[in-house]
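So this block is model-v2.cif, mmCIF, C-alpha atoms and all ligand atoms:
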```
data_coords
loop_
_atom_site.label_atom_id
_atom_site.label_comp_id
_atom_site.auth_asym_id
_atom_site.auth_seq_id
_atom_site.Cartn_x
_atom_site.Cartn_y
_atom_site.Cartn_z
CA MET A 213 85.98 22.95 76.92
CA LEU A 214 86.85 26.04 78.91
CA ASP A 215 89.47 27.07 76.34
CA LEU A 216 86.99 26.68 73.50
CA ILE A 217 84.45 28.86 75.30
CA LYS A 218 87.12 31.43 76.16
CA SER A 219 88.31 31.85 72.61
CA SER A 220 84.74 32.22 71.29
CA ALA A 221 84.07 34.87 73.94
CA ALA A 222 87.34 36.69 73.26
CA PHE A 223 86.45 36.98 69.57
CA ILE A 224 82.99 38.41 70.30
CA LYS A 225 84.33 40.74 72.97
CA GLU A 226 86.80 42.16 70.49
CA ALA A 227 84.00 42.64 67.95
CA ILE A 228 81.52 44.43 70.24
CA SER A 229 83.93 45.90 72.82
CA ASP A 230 81.18 46.31 75.40
CA THR A 231 79.14 44.24 77.88
CA PRO A 232 75.56 43.57 76.75
CA ASP A 233 72.80 43.92 79.35
CA TYR A 234 70.77 41.06 77.89
CA ALA A 235 71.21 37.96 75.81
CA ILE A 236 68.04 37.26 73.85
CA VAL A 237 67.46 33.85 72.29
CA LEU A 238 65.14 34.37 69.35
CA GLY A 239 62.93 31.30 69.10
CA SER A 240 59.97 30.82 66.79
CA GLY A 241 58.11 33.20 69.08
CA LEU A 242 60.35 36.22 68.73
CA GLY A 243 62.27 36.09 65.43
CA ALA A 244 60.99 39.46 64.21
CA LEU A 245 62.44 41.25 67.24
CA LYS A 246 65.69 41.40 65.32
CA ASN A 247 64.08 43.91 62.96
CA GLU A 248 63.47 46.29 65.86
CA VAL A 249 66.96 46.53 67.26
CA GLU A 250 69.29 49.42 66.38
CA VAL A 251 72.03 47.21 65.06
CA ILE A 252 75.59 48.00 66.09
CA LYS A 253 77.26 44.80 64.92
CA THR A 254 76.27 41.52 63.28
CA ILE A 255 78.49 38.49 63.62
CA ASP A 256 77.94 35.26 61.66
CA TYR A 257 78.29 32.13 63.78
CA SER A 258 80.62 30.85 61.08
CA ALA A 259 83.10 33.66 61.86
CA ILE A 260 83.30 32.84 65.58
CA PRO A 261 85.95 30.34 66.61
CA ASN A 262 84.43 27.13 68.06
CA PHE A 263 80.87 28.43 67.88
CA PRO A 264 78.33 25.77 66.83
CA GLN A 265 77.02 26.06 63.29
CA THR A 266 73.37 25.93 62.25
CA THR A 267 72.23 22.93 60.21
CA VAL A 268 69.58 24.62 58.08
CA VAL A 269 70.93 25.52 54.66
CA GLY A 270 70.42 29.19 53.80
CA HIS A 271 69.80 30.12 57.42
CA ASN A 272 73.14 31.13 58.75
CA GLY A 273 73.09 31.76 62.45
CA GLN A 274 74.00 35.24 63.58
CA LEU A 275 74.64 37.16 66.73
CA ILE A 276 73.09 40.60 66.47
CA TYR A 277 74.38 43.22 68.86
CA GLY A 278 72.53 46.48 69.28
CA LEU A 279 70.22 48.68 71.29
CA LEU A 280 66.64 47.95 72.24
CA GLU A 281 64.78 50.40 74.47
CA GLY A 282 68.15 51.96 75.18
CA LYS A 283 69.57 48.69 76.57
CA LYS A 284 72.44 46.74 75.07
CA VAL A 285 71.21 43.41 73.73
CA LEU A 286 72.99 40.50 72.13
CA MET A 287 70.52 38.44 70.10
CA MET A 288 70.99 34.89 69.01
CA SER A 289 69.28 34.43 65.68
CA GLY A 290 69.38 30.67 65.17
CA ARG A 291 69.39 28.39 68.19
CA PHE A 292 70.56 24.80 68.58
CA HIS A 293 68.08 22.02 69.33
CA TYR A 294 68.95 18.63 70.75
CA TYR A 295 66.78 16.92 68.11
CA GLU A 296 69.05 18.27 65.39
CA GLY A 297 71.76 15.96 66.69
CA TYR A 298 73.80 18.41 68.76
CA ASP A 299 74.80 17.17 72.18
CA MET A 300 73.71 19.21 75.17
CA LYS A 301 77.12 20.85 75.61
CA THR A 302 76.79 22.23 72.10
CA VAL A 303 73.15 23.27 72.56
CA THR A 304 74.19 25.36 75.57
CA PHE A 305 77.62 26.52 74.37
CA PRO A 306 76.30 30.04 73.56
CA MET A 307 75.13 30.51 77.16
CA ARG A 308 78.64 29.72 78.41
CA VAL A 309 79.98 32.34 76.04
CA PHE A 310 77.35 34.89 77.16
CA HIS A 311 78.51 34.44 80.74
CA LEU A 312 82.14 35.10 79.84
CA LEU A 313 80.99 38.25 78.06
CA GLY A 314 79.63 39.41 81.41
CA ILE A 315 75.94 39.10 80.48
CA LYS A 316 73.72 38.75 83.56
CA ASN A 317 70.23 38.51 82.03
CA MET A 318 68.78 36.20 79.42
CA VAL A 319 65.45 36.28 77.59
CA VAL A 320 64.36 33.08 75.84
CA SER A 321 61.38 32.51 73.62
CA ASN A 322 59.79 29.55 71.92
CA ALA A 323 56.73 28.09 70.27
CA SER A 324 54.97 25.38 72.22
CA GLY A 325 51.96 23.12 72.31
CA GLY A 326 49.33 23.98 74.91
CA VAL A 327 47.96 21.25 77.17
CA ASN A 328 46.28 23.50 79.75
CA PRO A 329 42.59 23.39 78.75
CA ASP A 330 42.36 27.19 79.18
CA PHE A 331 44.94 27.78 76.46
CA ARG A 332 44.06 28.64 72.86
CA VAL A 333 46.15 28.81 69.71
CA GLY A 334 47.92 32.17 69.56
CA ASP A 335 47.92 32.67 73.35
CA ILE A 336 51.04 33.83 75.14
CA MET A 337 52.45 32.05 78.18
CA LEU A 338 55.07 33.62 80.42
CA ILE A 339 57.15 30.72 81.71
CA ARG A 340 56.92 30.45 85.48
CA ASP A 341 58.73 27.14 85.84
CA HIS A 342 59.81 24.20 83.74
CA ILE A 343 60.07 20.42 83.86
CA ASN A 344 63.17 18.88 82.37
CA PHE A 345 62.11 15.79 80.44
CA MET A 346 64.99 15.87 77.99
CA PRO A 347 66.98 12.64 77.71
CA GLU A 348 70.40 14.15 78.47
CA HIS A 349 71.25 16.68 81.16
CA PRO A 350 73.36 19.65 80.01
CA LEU A 351 75.36 19.61 83.25
CA ARG A 352 76.18 15.88 83.11
CA GLY A 353 79.89 15.20 83.36
CA ALA A 354 82.76 17.06 84.98
CA ASN A 355 81.51 20.30 86.49
CA LEU A 356 82.91 23.50 85.01
CA GLU A 357 83.88 24.95 88.39
CA ALA A 358 84.75 28.31 86.89
CA PHE A 359 81.10 28.74 85.87
CA GLY A 360 79.10 27.43 88.82
CA PRO A 361 78.55 24.71 91.41
CA ARG A 362 78.15 20.96 90.88
CA PHE A 363 74.68 20.95 92.43
CA VAL A 364 72.58 23.81 91.19
CA ASP A 365 69.72 25.45 93.03
CA MET A 366 66.68 25.52 90.75
CA SER A 367 64.17 27.02 93.16
CA GLU A 368 63.75 30.10 90.93
CA PRO A 369 64.59 29.05 87.38
CA TYR A 370 62.73 32.07 85.96
CA ASP A 371 63.40 35.38 87.67
CA SER A 372 60.37 36.38 89.74
CA LYS A 373 61.04 40.11 89.35
CA MET A 374 61.27 39.92 85.57
CA LEU A 375 58.11 37.83 85.51
CA ALA A 376 56.26 40.36 87.67
CA THR A 377 57.50 43.23 85.51
CA ALA A 378 56.35 41.47 82.34
CA LEU A 379 52.96 40.67 83.87
CA SER A 380 52.31 44.29 84.75
CA ALA A 381 53.62 45.39 81.35
CA ALA A 382 51.18 43.03 79.65
CA LYS A 383 48.33 44.33 81.80
CA ASP A 384 49.25 47.90 80.97
CA LEU A 385 49.39 47.10 77.27
CA GLY A 386 46.08 45.26 77.38
CA ILE A 387 47.70 42.04 76.20
CA LYS A 388 46.31 38.83 77.67
CA VAL A 389 48.99 36.45 78.93
CA HIS A 390 49.01 33.23 80.93
CA THR A 391 51.75 32.05 83.22
CA GLY A 392 52.62 28.39 83.29
CA VAL A 393 54.98 25.47 83.31
CA TYR A 394 56.92 24.52 80.18
CA LEU A 395 57.80 20.86 79.82
CA GLY A 396 60.76 20.11 77.57
CA LEU A 397 60.76 16.98 75.41
CA GLN A 398 63.36 15.97 72.86
CA GLY A 399 61.18 15.93 69.72
CA PRO A 400 61.36 16.11 66.76
CA THR A 401 57.94 14.45 66.65
CA PHE A 402 55.04 16.49 67.95
CA GLU A 403 53.27 14.64 70.74
CA THR A 404 50.68 11.93 70.33
CA PRO A 405 47.29 12.60 72.00
CA ALA A 406 48.34 10.28 74.84
CA GLU A 407 51.66 12.12 75.23
CA TYR A 408 49.89 15.50 75.43
CA GLY A 409 47.78 13.89 78.17
CA MET A 410 50.94 12.74 79.94
CA VAL A 411 52.41 16.25 79.84
CA ARG A 412 49.28 17.58 81.54
CA VAL A 413 49.31 14.85 84.19
CA LEU A 414 52.96 15.61 84.89
CA GLY A 415 52.19 19.25 85.60
CA GLY A 416 52.96 20.97 82.31
CA ASP A 417 50.87 23.74 80.78
CA ALA A 418 52.79 23.70 77.52
CA VAL A 419 55.29 21.42 75.81
CA GLY A 420 58.18 22.15 73.49
CA MET A 421 61.59 21.04 72.25
CA SER A 422 63.94 23.80 73.38
CA THR A 423 64.59 26.28 76.18
CA VAL A 424 65.01 23.92 79.15
CA PRO A 425 68.72 23.07 78.61
CA GLU A 426 69.56 26.72 77.89
CA VAL A 427 67.85 27.86 81.07
CA ILE A 428 69.53 25.18 83.20
CA VAL A 429 72.96 26.25 82.02
CA ALA A 430 72.15 29.94 82.47
CA ARG A 431 71.05 29.22 86.04
CA HIS A 432 74.22 27.21 86.67
CA MET A 433 76.03 30.51 86.12
CA GLY A 434 73.55 32.58 88.13
CA MET A 435 72.02 34.46 85.20
CA SER A 436 68.50 35.87 85.61
CA VAL A 437 66.15 34.32 83.08
CA PHE A 438 62.88 35.38 81.52
CA GLY A 439 60.99 32.96 79.25
CA ILE A 440 58.04 33.53 76.95
CA SER A 441 56.14 31.01 74.90
CA ILE A 442 53.61 31.25 72.10
CA ILE A 443 50.98 28.53 72.14
CA THR A 444 50.97 27.49 68.49
CA ASP A 445 48.71 24.46 68.81
CA VAL A 446 46.81 22.65 71.51
CA GLY A 447 46.71 18.96 72.30
CA GLY A 448 45.28 16.44 74.71
CA PRO A 449 44.16 12.84 74.99
CA ASP A 450 40.81 13.66 73.39
CA ILE A 451 42.09 16.16 70.86
CA ALA A 452 42.97 14.77 67.46
CA PHE A 453 43.89 17.99 65.62
CA SER A 454 46.95 17.47 63.48
CA VAL A 455 49.79 19.94 63.66
CA SER A 456 52.41 20.89 61.10
CA HIS A 457 55.53 23.01 61.30
CA ASP A 458 53.94 25.54 58.93
CA GLU A 459 50.92 25.90 61.23
CA VAL A 460 53.25 26.38 64.18
CA LEU A 461 55.09 29.14 62.34
CA ALA A 462 51.86 30.81 61.19
CA ALA A 463 50.44 30.87 64.73
CA ALA A 464 53.75 32.18 66.07
CA ASP A 465 53.69 34.99 63.49
CA THR A 466 50.19 36.01 64.55
CA ALA A 467 51.10 36.35 68.22
CA MET A 468 54.58 37.76 67.66
CA PRO A 469 53.68 41.48 67.65
CA ASN A 470 52.23 41.12 71.15
CA VAL A 471 55.18 39.06 72.36
CA ILE A 472 57.52 41.72 71.03
CA GLN A 473 55.62 44.48 72.82
CA VAL A 474 55.78 42.61 76.13
CA VAL A 475 59.50 41.89 75.76
CA ARG A 476 60.27 45.49 74.78
CA ARG A 477 58.45 46.78 77.84
CA LEU A 478 60.17 44.24 80.08
CA ILE A 479 63.55 45.38 78.81
CA LYS A 480 62.58 49.00 79.25
CA ASP A 481 61.17 48.60 82.77
CA HIS A 482 63.36 45.92 84.35
CA GLU A 483 65.94 47.42 86.66
CA LEU A 484 69.36 46.06 85.90
N1 LIG A 501 54.99 20.11 70.80
C1 LIG A 501 53.76 20.42 70.46
N2 LIG A 501 53.43 21.50 69.84
C2 LIG A 501 54.38 22.37 69.56
C3 LIG A 501 55.70 22.13 69.89
C4 LIG A 501 56.02 20.93 70.55
O1 LIG A 501 57.16 20.64 70.87
N3 LIG A 501 56.41 23.18 69.48
C5 LIG A 501 55.54 24.03 68.92
N4 LIG A 501 54.32 23.56 68.97
#
```
Is it possible to express this structure as structure tokens?
Amino acid sequence: MLDLIKSSAAFIKEAISDTPDYAIVLGSGLGALKNEVEVIKTIDYSAIPNFPQTTVVGHNGQLIYGLLEGKKVLMMSGRFHYYEGYDMKTVTFPMRVFHLLGIKNMVVSNASGGVNPDFRVGDIMLIRDHINFMPEHPLRGANLEAFGPRFVDMSEPYDSKMLATALSAAKDLGIKVHTGVYLGLQGPTFETPAEYGMVRVLGGDAVGMSTVPEVIVARHMGMSVFGISIITDVGGPDIAFSVSHDEVLAAADTAMPNVIQVVRRLIKDHEL
């Protein structure tokens, strides 16, 4: 495994010949951020040795390296979800590579279903904590000692300084945001009304199908993480609204300009 990660990282290092300040995982909440970066280099996943390949035809995954607010960012356009059939080691392979590239900060975004009764479609939630309800743990198996310890402290999964910086940025910008707990489920089904109710009882404010494994692996390696979620639908035991992927994408598109503003300001203001 280590050799596979090393050769992926060596290829990217050669291509960008610098150390990015941030890795940014572009989820459904942040896709358009790639249009705002001053691109220095684009690398197709298919060109990178051992890098996982995306399953969606016509949507080749890419790493986009460039400048945003004067900081060096490496963006992952196209992420890997467990429900697509990848195992957890594959889902989190890019984070291992980011670490070998010397990246110390990661920004992740996603679309999620709101279960906190205060949340509305199109709201933004800064992720304060998460609950891992995925069926396989990304750190199961032999520990990669070179990357981090067997037993990982998770007392601050999301960096409190980055969260505070983003909160004051949002306030400054006049953008309303919530903070909350993201609960990760495998998908690919959206939740039943009873399952939305379960998520709430368990302590979640929002539910989604990504992010949690990526954050666990980033924390294994001591990276600082910031997470942001767009509430693209709301659910609960007494809520029978249906939800479709198209509606999720439409709601994400509506909120995206605000998400982008908050992330830009975070990147500008956060002290590295
Ligand atoms: N569950 C419910 N709603 C959602 C999700 C999810 O995983 N992702 C986006 N909206």
I'd like the contact shell of Gly415 of chain A - 10 Å cut-off, all atoms listed in the file, skipping same-chain residues fewer than 4 positions apart - returned as a CSV table (one decimal) with C-alpha atoms, keeping the file's coordinate frame.
```csv
chain,number,residue,atom,x,y,z
A,327,VAL,CA,48.0,21.2,77.2
A,328,ASN,CA,46.3,23.5,79.8
A,342,HIS,CA,59.8,24.2,83.7
A,343,ILE,CA,60.1,20.4,83.9
A,392,GLY,CA,52.6,28.4,83.3
A,393,VAL,CA,55.0,25.5,83.3
A,394,TYR,CA,56.9,24.5,80.2
A,395,LEU,CA,57.8,20.9,79.8
A,410,MET,CA,50.9,12.7,79.9
A,411,VAL,CA,52.4,16.2,79.8
```
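Reported to one decimal place, the separation of atom CA of Gly326 of chain A from atom CA of Leu414 of chain A is 13.5 Å.
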Counting all atoms listed in the file, what are the residues, protein, DNA or RNA alike, that approach ligand LIG 501 (chain A) to within 10 Å? I want them as a short mmCIF file (atom, residue, chain, number, x, y, z; two decimals) with C-alpha atoms, keeping the file's coordinate frame.
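The resulting file, part-v8.cif, is reproduced below:
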```cif
data_model
loop_
_atom_site.label_atom_id
_atom_site.label_comp_id
_atom_site.auth_asym_id
_atom_site.auth_seq_id
_atom_site.Cartn_x
_atom_site.Cartn_y
_atom_site.Cartn_z
CA SER A 240 59.97 30.82 66.79
CA GLY A 241 58.11 33.20 69.08
CA ASN A 322 59.79 29.55 71.92
CA ALA A 323 56.73 28.09 70.27
CA SER A 324 54.97 25.38 72.22
CA GLY A 325 51.96 23.12 72.31
CA GLY A 326 49.33 23.98 74.91
CA VAL A 327 47.96 21.25 77.17
CA VAL A 333 46.15 28.81 69.71
CA LEU A 395 57.80 20.86 79.82
CA GLY A 396 60.76 20.11 77.57
CA LEU A 397 60.76 16.98 75.41
CA GLN A 398 63.36 15.97 72.86
CA GLY A 399 61.18 15.93 69.72
CA PRO A 400 61.36 16.11 66.76
CA THR A 401 57.94 14.45 66.65
CA PHE A 402 55.04 16.49 67.95
CA GLU A 403 53.27 14.64 70.74
CA THR A 404 50.68 11.93 70.33
CA GLU A 407 51.66 12.12 75.23
CA TYR A 408 49.89 15.50 75.43
CA ALA A 418 52.79 23.70 77.52
CA VAL A 419 55.29 21.42 75.81
CA GLY A 420 58.18 22.15 73.49
CA MET A 421 61.59 21.04 72.25
CA SER A 422 63.94 23.80 73.38
CA SER A 441 56.14 31.01 74.90
CA ILE A 442 53.61 31.25 72.10
CA ILE A 443 50.98 28.53 72.14
CA THR A 444 50.97 27.49 68.49
CA ASP A 445 48.71 24.46 68.81
CA VAL A 446 46.81 22.65 71.51
CA GLY A 447 46.71 18.96 72.30
CA SER A 454 46.95 17.47 63.48
CA VAL A 455 49.79 19.94 63.66
CA SER A 456 52.41 20.89 61.10
CA HIS A 457 55.53 23.01 61.30
CA GLU A 459 50.92 25.90 61.23
CA VAL A 460 53.25 26.38 64.18
CA LEU A 461 55.09 29.14 62.34
CA ALA A 463 50.44 30.87 64.73
CA ALA A 464 53.75 32.18 66.07
#
```
Next on the checklist: Please determine, counting all atoms listed in the file, which residue among A:Leu375, A:Met307, A:Leu351, A:Val389 has the shortest atom-to-atom distance to Phe331 of chain A.
Outcome noted: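 Of A:Leu375, A:Met307, A:Leu351, A:Val389, the one nearest Phe331 of chain A, counting all atoms listed in the file, is A:Val389.
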Checklist entry - Leaving out Pro369 of chain A and any residue of its chain fewer than 5 positions from it, which residues lie within 9 Å of it when counting only C-alpha atoms, given as a VMD selection string? => result chain A and resid 340 to 342 427 to 428 431 436 to 438
For the residues in that selection, give me C-alpha atoms as a JSON list (two decimals), in the coordinates of the input.
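Saved the output as result17.json:
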```
[["chain", "number", "residue", "atom", "x", "y", "z"],
["A", 340, "ARG", "CA", 56.92, 30.45, 85.48],
["A", 341, "ASP", "CA", 58.73, 27.14, 85.84],
["A", 342, "HIS", "CA", 59.81, 24.20, 83.74],
["A", 427, "VAL", "CA", 67.85, 27.86, 81.07],
["A", 428, "ILE", "CA", 69.53, 25.18, 83.20],
["A", 431, "ARG", "CA", 71.05, 29.22, 86.04],
["A", 436, "SER", "CA", 68.50, 35.87, 85.61],
["A", 437, "VAL", "CA", 66.15, 34.32, 83.08],
["A", 438, "PHE", "CA", 62.88, 35.38, 81.52]]
```
Checklist entry - So which residues touch Asp365 of chain A within 12 Å, counting only C-alpha atoms, skipping near sequence neighbours fewer than 5 positions away, as a PyMOL selection string? => result chain A and resi 360+370+428-434
Generate the output file for the selected residues, C-alpha atoms, as a short mmCIF file (atom, residue, chain, number, x, y, z; two decimals), in the coordinates of the input.
```cif
data_model
loop_
_atom_site.label_atom_id
_atom_site.label_comp_id
_atom_site.auth_asym_id
_atom_site.auth_seq_id
_atom_site.Cartn_x
_atom_site.Cartn_y
_atom_site.Cartn_z
CA GLY A 360 79.10 27.43 88.82
CA TYR A 370 62.73 32.07 85.96
CA ILE A 428 69.53 25.18 83.20
CA VAL A 429 72.96 26.25 82.02
CA ALA A 430 72.15 29.94 82.47
CA ARG A 431 71.05 29.22 86.04
CA HIS A 432 74.22 27.21 86.67
CA MET A 433 76.03 30.51 86.12
CA GLY A 434 73.55 32.58 88.13
#
```
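Distances to Asn355 of chain A were evaluated for A:Leu286, A:Arg291, A:Ala244, A:Lys301 using all atoms listed in the file, and the minimum falls at A:Lys301.
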Checklist entry - Excluding same-chain residues fewer than 2 positions from Met374 of chain A, what lies within 12 Å of it counting only C-alpha atoms, as a PyMOL selection string? => result chain A and resi 317-319+338-340+368-372+376-381+436-440+474-475+477-484
Next on the checklist: So that I can check the surroundings of Arg308 of chain A, please list as a ChimeraX atom specification every protein, DNA and RNA residue that reaches within 8 Å of it, counting only C-alpha atoms and ignoring chain neighbours fewer than 3 positions away.
Outcome noted: /A:217,304-305,311-312,359,429-430
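Atom CA of Ala235 of chain A is positioned 25.8 Å from atom CA of Gly416 of chain A.
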Item to check | Coordinates-based distance that separates atom CA of Gly278 of chain A from atom CA of Ser321 of chain A (Å, one decimal) | outcome: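 We find that atom CA of Ser321 of chain A and atom CA of Gly278 of chain A lie 18.4 Å from each other.
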Next on the checklist: Given only C-alpha atoms as the basis, pick out the residue of A:Ser220, A:Ser289, A:Thr267, A:Ser258 nearest to Lys246 of chain A.
Outcome noted: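 Result for the nearest residue to Lys246 of chain A: A:Ser289.
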Checklist entry - From the list A:Ala222, A:Ala354, A:Leu238, A:Met213, which residue is nearest Pro261 of chain A when using all atoms listed in the file? => result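 When distances to Pro261 of chain A are compared using all atoms listed in the file, the smallest one comes from A:Ala222.
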In the coordinate frame of the file, compute which residues have an atom within 8 Å of (77.2, 33.2, 64.6) when using only C-alpha atoms, and state them as an mmCIF file with C-alpha atoms, keeping the file's coordinate frame.
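Written out: result_6.cif:
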```cif
data_model
loop_
_atom_site.group_PDB
_atom_site.id
_atom_site.type_symbol
_atom_site.label_atom_id
_atom_site.label_comp_id
_atom_site.auth_asym_id
_atom_site.auth_seq_id
_atom_site.Cartn_x
_atom_site.Cartn_y
_atom_site.Cartn_z
ATOM 1 C CA ILE A 255 78.490 38.490 63.620
ATOM 2 C CA ASP A 256 77.940 35.260 61.660
ATOM 3 C CA TYR A 257 78.290 32.130 63.780
ATOM 4 C CA SER A 258 80.620 30.850 61.080
ATOM 5 C CA ALA A 259 83.100 33.660 61.860
ATOM 6 C CA ILE A 260 83.300 32.840 65.580
ATOM 7 C CA PHE A 263 80.870 28.430 67.880
ATOM 8 C CA PRO A 264 78.330 25.770 66.830
ATOM 9 C CA GLN A 265 77.020 26.060 63.290
ATOM 10 C CA ASN A 272 73.140 31.130 58.750
ATOM 11 C CA GLY A 273 73.090 31.760 62.450
ATOM 12 C CA GLN A 274 74.000 35.240 63.580
ATOM 13 C CA LEU A 275 74.640 37.160 66.730
ATOM 14 C CA MET A 288 70.990 34.890 69.010
#
```
Checklist entry - Between A:Phe453, A:Ala221, A:Asp417, A:Leu280, which one has atoms that come closest to Pro306 of chain A, using all atoms listed in the file? => result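 Comparing A:Phe453, A:Ala221, A:Asp417, A:Leu280 against Pro306 of chain A, the winner is A:Ala221.
Nearest to Ile336 of chain A of all the residues A:Ile472, A:Val303, A:Ile224, A:Val413 is A:Ile472, counting all atoms listed in the file.
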